[in-house]
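A quick write-up on the structure given underneath.
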Amino acid sequence: MDFSLDDEQRAIRDTARAFVTREVMPLEAELLRRERRHEPGITRDELRELQLKARTFGFWGMDTPEEYGGMALPAVVQSLIWTEIGRTYVPFRFGGEADNILFEANDAQRAEYLIPTIEGERISCFAITEPGAGSDAANIRLAARRDGDDWVLNGEKTFITNGNDADFAIVVAVTDPEKGVRGGGTTAFLVDRAMGWRSEFIQTMGEGGPASLVFSDVRVPSRNILGELGRGFELGMRWIGKGRYLIPSHALGTAERALGMAIEYANTRETFGRPIGANQAIQWMIADSETELEAARWLVLRAAWTVDQGTDPRHASSMAKLYGAGMVNRVVDRVLQIHGGMGYTRELPIERWYRQVRLLRIYEGTDEMQRLIISRDLLRGYTKLGGHLA
């Protein structure tokens with residue numbers, strides 16, 4: 001049993017780390033200054049400039065098929081790269097990506113939506129969550145009524161990432177109430193902002209924020225159906241499932257960077273004539289954090305490996321997200337405690353991480369939903385105790 005990275009995986013990981021260290025991390029101090037002034041930490045133009053610079057490093061479209069100019073990297077390698085991105089608190093991501101379900105587009109939609117999104121000329125958002133349908137995605141109510149060759153959308157979506165910036169949304173709407181959401185009664189639509197929907201900013205405890213999208217008699221042509229009529233919920237679940245091993249991959253980088261800061265501080269900060277790292281209370285917090293970080297790392301990599309094997313990754317991904325999201329919250333909390341009052345200030349990124357990582361236990365499947373999936377798989381015999389070694 002070999003737990004080491006092969007040469008190609010290590011080379012890609014190290015190149016990503018070099019880019020983040022040289023090009024992204026130097027922006028961190030300015031980001032904190034801007035946010036203390038209640039300004040955006042990084043502008044869209046600055047993000048775009050970084051992404052184009054990364055393209056010269058060879059990083060463009062990690063999950064995008066090669067026919068669209070992407071790298072089509074295996075899931076394990078993508079996980080390693082997201083861990084490197086997680087080391088910086090600058091909200092950076094490599095370019096050349098599009099929502100995974102957008103590849104269901106037909107030829108005309110690819111030209112109008114998919115390719116411009118990959119090239120960074122258009123910004124999309126995915127809209128399935130509603131005020132009364134968060135974890136219970138099967139309870140969506142936003143209605144699409146057929147009117148001739150068009151569909152008329154009415155309703156609201158909420159907590160939509162990129163909803164404030166997107167110029168088009170992938171909207172899952174009810175098209176046949178009698179069939180029900182799981183029975184083929186929903187459809188995904190490509191809806192341009194110019195068609196009439198509006199976004200409303202939602203203030204959160206983190207930096208930036210999601211949006212509510214309001215649809216009032218928004219008319220969408222039938223040619224803007226993504227995939228097929230009645231497949232909306234299926235596509236939505238595919239979209240949500242994609243992030244369940246990438247989210248904790250990002251958390252690994254954050255936890256490792258934060259723990260490194262705590263170790264350095266524990267070795268240099270002195271109280272009562274000796275470094276605070278000499279105190280057992282501090283040592284135990286560091287030991288617990290390292291142990292949890294290592295456990296999460298293997299859960300995450302196993303989930304990514306399962307994707308690469310072509311087997312159903314839902315059980316492994318749910319365990320990775322559940323444990324990884326909880327792990328980074330606990331680690332950052334300990335790191336803040338080790339830093340004391342300085343950790344609570346906005347001079348350091350720790351309090352920012354404290355607010356930021358709390359979201360990981362909620363979006364794209366709450367802790368409670370992950371527990372439901374994991375337990376249901378076992379109780380119904382979908383998976384066996386012992387995982388892939390069973």
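Chain identifiers are assigned as A, B, and so on, following the order in which chains appear in the structure tokens; residues are numbered from 1 within each chain, and ligands are numbered from 1 in order of appearance.
For range 192-206 of chain A, the residues within 6 Å (counting only C-alpha atoms, excluding itself and residues fewer than 2 positions away along the chain) are Asn164, Asp167, Phe168, Gly209, Pro210, Ala211, Ser212, Leu213, Val214, Phe215, Val218, Arg355 and Gln356 of chain A.
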If you run DSSP on this backbone, which residues of range 80-194 of chain A come out as helix (DSSP H, G or I), and could you give them as JSON, numbers by chain?
-> {"A": [80, 81, 82, 83, 84, 85, 86, 100, 101, 102, 103, 104, 107, 108, 109, 110, 111, 112, 113, 114, 115, 116, 117, 118, 137, 138, 139, 193, 194]}
Which of range 81-229 of chain A counts as strand (DSSP E) under DSSP, as a PyMOL selection string please?
-> chain A and resi 124-127+143-147+150-160+168-174+186-192+198-201+211-221+225-226
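For the residues A:Ile276, A:His339, A:Tyr245, A:Gly326, ranking by smallest atom-to-atom distance to Leu299 in chain A using only C-alpha atoms places A:Tyr245 first.
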Per-residue nearest contacts of range 68-112 of chain A to range 122-141 of chain A (10 Å; only C-alpha atoms) as a tab-separated table:
```
residue	atom	partner	partner_atom	distance
A:Ala98	CA	A:Ser124	CA	8.0
A:Asp99	CA	A:Phe126	CA	7.9
A:Ile101	CA	A:Phe126	CA	9.7
A:Leu102	CA	A:Ser124	CA	9.7
A:Glu112	CA	A:Arg122	CA	9.4
```
Could you pull the residues within 12 Å of Arg269 in chain A, counting only C-alpha atoms, minus those fewer than 6 positions along the same chain, as a PyMOL selection string?
-> chain A and resi 261-263+275-279+282+338-340+342
Which polymer residues have any atom within 8 Å of an atom of Leu246 in chain A, counting only C-alpha atoms, with same-chain residues fewer than 3 positions away left out, as JSON, numbers by chain?
-> {"A": [78, 79, 82, 242, 243, 249, 250]}
Written selection (N, CA, C and O atoms) as a PDB file, in the first residue's frame:
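Final file, part-v6.pdb:
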```
ATOM      1  N   GLN A  78      -6.713  17.614  -8.552  1.00  0.00           N
ATOM      2  CA  GLN A  78      -7.511  18.807  -8.275  1.00  0.00           C
ATOM      3  C   GLN A  78      -7.596  19.060  -6.772  1.00  0.00           C
ATOM      4  O   GLN A  78      -7.513  20.203  -6.319  1.00  0.00           O
ATOM      5  N   SER A  79      -7.756  18.004  -6.002  1.00  0.00           N
ATOM      6  CA  SER A  79      -7.800  18.146  -4.552  1.00  0.00           C
ATOM      7  C   SER A  79      -6.504  18.742  -4.014  1.00  0.00           C
ATOM      8  O   SER A  79      -6.511  19.650  -3.170  1.00  0.00           O
ATOM      9  N   TRP A  82      -6.459  22.472  -4.809  1.00  0.00           N
ATOM     10  CA  TRP A  82      -7.361  23.256  -3.959  1.00  0.00           C
ATOM     11  C   TRP A  82      -6.796  23.410  -2.548  1.00  0.00           C
ATOM     12  O   TRP A  82      -7.042  24.427  -1.879  1.00  0.00           O
ATOM     13  N   LYS A 242     -20.436  17.869  -6.732  1.00  0.00           N
ATOM     14  CA  LYS A 242     -19.086  18.159  -7.224  1.00  0.00           C
ATOM     15  C   LYS A 242     -18.203  18.780  -6.156  1.00  0.00           C
ATOM     16  O   LYS A 242     -17.013  18.494  -6.068  1.00  0.00           O
ATOM     17  N   GLY A 243     -18.773  19.631  -5.300  1.00  0.00           N
ATOM     18  CA  GLY A 243     -17.945  20.366  -4.358  1.00  0.00           C
ATOM     19  C   GLY A 243     -17.650  19.665  -3.059  1.00  0.00           C
ATOM     20  O   GLY A 243     -16.901  20.186  -2.231  1.00  0.00           O
ATOM     21  N   SER A 249     -10.965  19.950   0.679  1.00  0.00           N
ATOM     22  CA  SER A 249      -9.598  20.084   0.158  1.00  0.00           C
ATOM     23  C   SER A 249      -9.074  21.480   0.450  1.00  0.00           C
ATOM     24  O   SER A 249      -7.930  21.668   0.903  1.00  0.00           O
ATOM     25  N   HIS A 250      -9.899  22.483   0.187  1.00  0.00           N
ATOM     26  CA  HIS A 250      -9.546  23.871   0.480  1.00  0.00           C
ATOM     27  C   HIS A 250      -9.330  24.056   1.977  1.00  0.00           C
ATOM     28  O   HIS A 250      -8.389  24.743   2.416  1.00  0.00           O
TER      29      HIS A 250
END
```
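One finds CA of Gln109 in chain A at 27.7 Å from CA of Gly310 in chain A.
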Excluding same-chain residues fewer than 6 positions from Asp176 in chain A, what lies within 8 Å of it counting only C-alpha atoms, as a ChimeraX atom specification?
-> /A:184-186,230
Saved selection, atoms kept: C-alpha atoms, as a tab-separated table (two decimals), in the first residue's frame:
```tsv
chain	number	residue	atom	x	y	z
A	184	GLY	CA	-39.12	14.75	-13.42
A	185	GLY	CA	-41.12	17.85	-12.57
A	186	THR	CA	-38.21	20.32	-12.62
A	230	GLY	CA	-37.63	17.37	-16.46
```
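Each of A:Ala143, A:Ile115, A:Val335, A:Ile85 was compared to Ala251 in chain A using only C-alpha atoms, and A:Ile85 turns out to be the nearest.
Shortest atom-to-atom contact with Glu368 in chain A among A:Tyr323, A:Gly381, A:Gly236, A:Asp45: A:Tyr323, counting only C-alpha atoms.
Between CA of Leu73 in chain A and CA of Phe103 in chain A the interatomic distance comes to 16.1 Å.
We find CA of Gly232 in chain A and CA of Glu364 in chain A to be spaced 16.6 Å apart.
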Within 12 Å of Leu27 in chain A, counting only C-alpha atoms, which residues qualify if same-chain residues fewer than 2 places away don't, as a count of residues only?
-> 23
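The closest residue to Pro248 in chain A, picked from A:Arg346, A:Arg223, A:Arg361, A:Lys179 and counting only C-alpha atoms, is A:Arg361.
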Mind checking which residues fall within 12 Å of Trp305 in chain A, counting only C-alpha atoms, ignoring those fewer than 2 positions away in the same chain, and posting them as JSON, numbers by chain?
-> {"A": [3, 74, 75, 76, 77, 78, 79, 80, 245, 298, 299, 300, 301, 302, 303, 307, 308, 309, 310, 311, 312, 313, 316, 317, 320, 388]}
Restricted to C-alpha atoms, what would the selected residues look like written as a PDB file, in the first residue's frame?
```pdb
ATOM      1  CA  PHE A   3       0.503   6.537   0.272  1.00  0.00           C
ATOM      2  CA  PRO A  74      -7.810  13.757 -12.109  1.00  0.00           C
ATOM      3  CA  ALA A  75      -9.779  14.431  -8.933  1.00  0.00           C
ATOM      4  CA  VAL A  76      -6.822  13.671  -6.653  1.00  0.00           C
ATOM      5  CA  VAL A  77      -4.686  16.278  -8.398  1.00  0.00           C
ATOM      6  CA  GLN A  78      -7.511  18.807  -8.275  1.00  0.00           C
ATOM      7  CA  SER A  79      -7.800  18.146  -4.552  1.00  0.00           C
ATOM      8  CA  LEU A  80      -4.080  18.780  -4.080  1.00  0.00           C
ATOM      9  CA  TYR A 245     -14.489  16.794  -1.814  1.00  0.00           C
ATOM     10  CA  TRP A 298      -6.764  11.053   4.126  1.00  0.00           C
ATOM     11  CA  LEU A 299     -10.553  11.241   4.122  1.00  0.00           C
ATOM     12  CA  VAL A 300     -10.380  13.939   1.461  1.00  0.00           C
ATOM     13  CA  LEU A 301      -7.824  12.162  -0.700  1.00  0.00           C
ATOM     14  CA  ARG A 302      -9.754   8.918  -0.447  1.00  0.00           C
ATOM     15  CA  ALA A 303     -12.921  10.712  -1.617  1.00  0.00           C
ATOM     16  CA  VAL A 307     -14.014   9.818  -8.012  1.00  0.00           C
ATOM     17  CA  ASP A 308     -10.998   8.813 -10.117  1.00  0.00           C
ATOM     18  CA  GLN A 309     -11.929   5.128  -9.806  1.00  0.00           C
ATOM     19  CA  GLY A 310     -15.264   5.866 -11.442  1.00  0.00           C
ATOM     20  CA  THR A 311     -17.233   4.517  -8.480  1.00  0.00           C
ATOM     21  CA  ASP A 312     -20.020   6.332  -6.617  1.00  0.00           C
ATOM     22  CA  PRO A 313     -18.214   8.949  -4.470  1.00  0.00           C
ATOM     23  CA  ALA A 316     -16.760   9.059   0.822  1.00  0.00           C
ATOM     24  CA  SER A 317     -17.342  12.691  -0.159  1.00  0.00           C
ATOM     25  CA  ALA A 320     -14.754  14.081   3.839  1.00  0.00           C
ATOM     26  CA  HIS A 388     -13.383   0.101   0.055  1.00  0.00           C
TER      27      HIS A 388
END
```
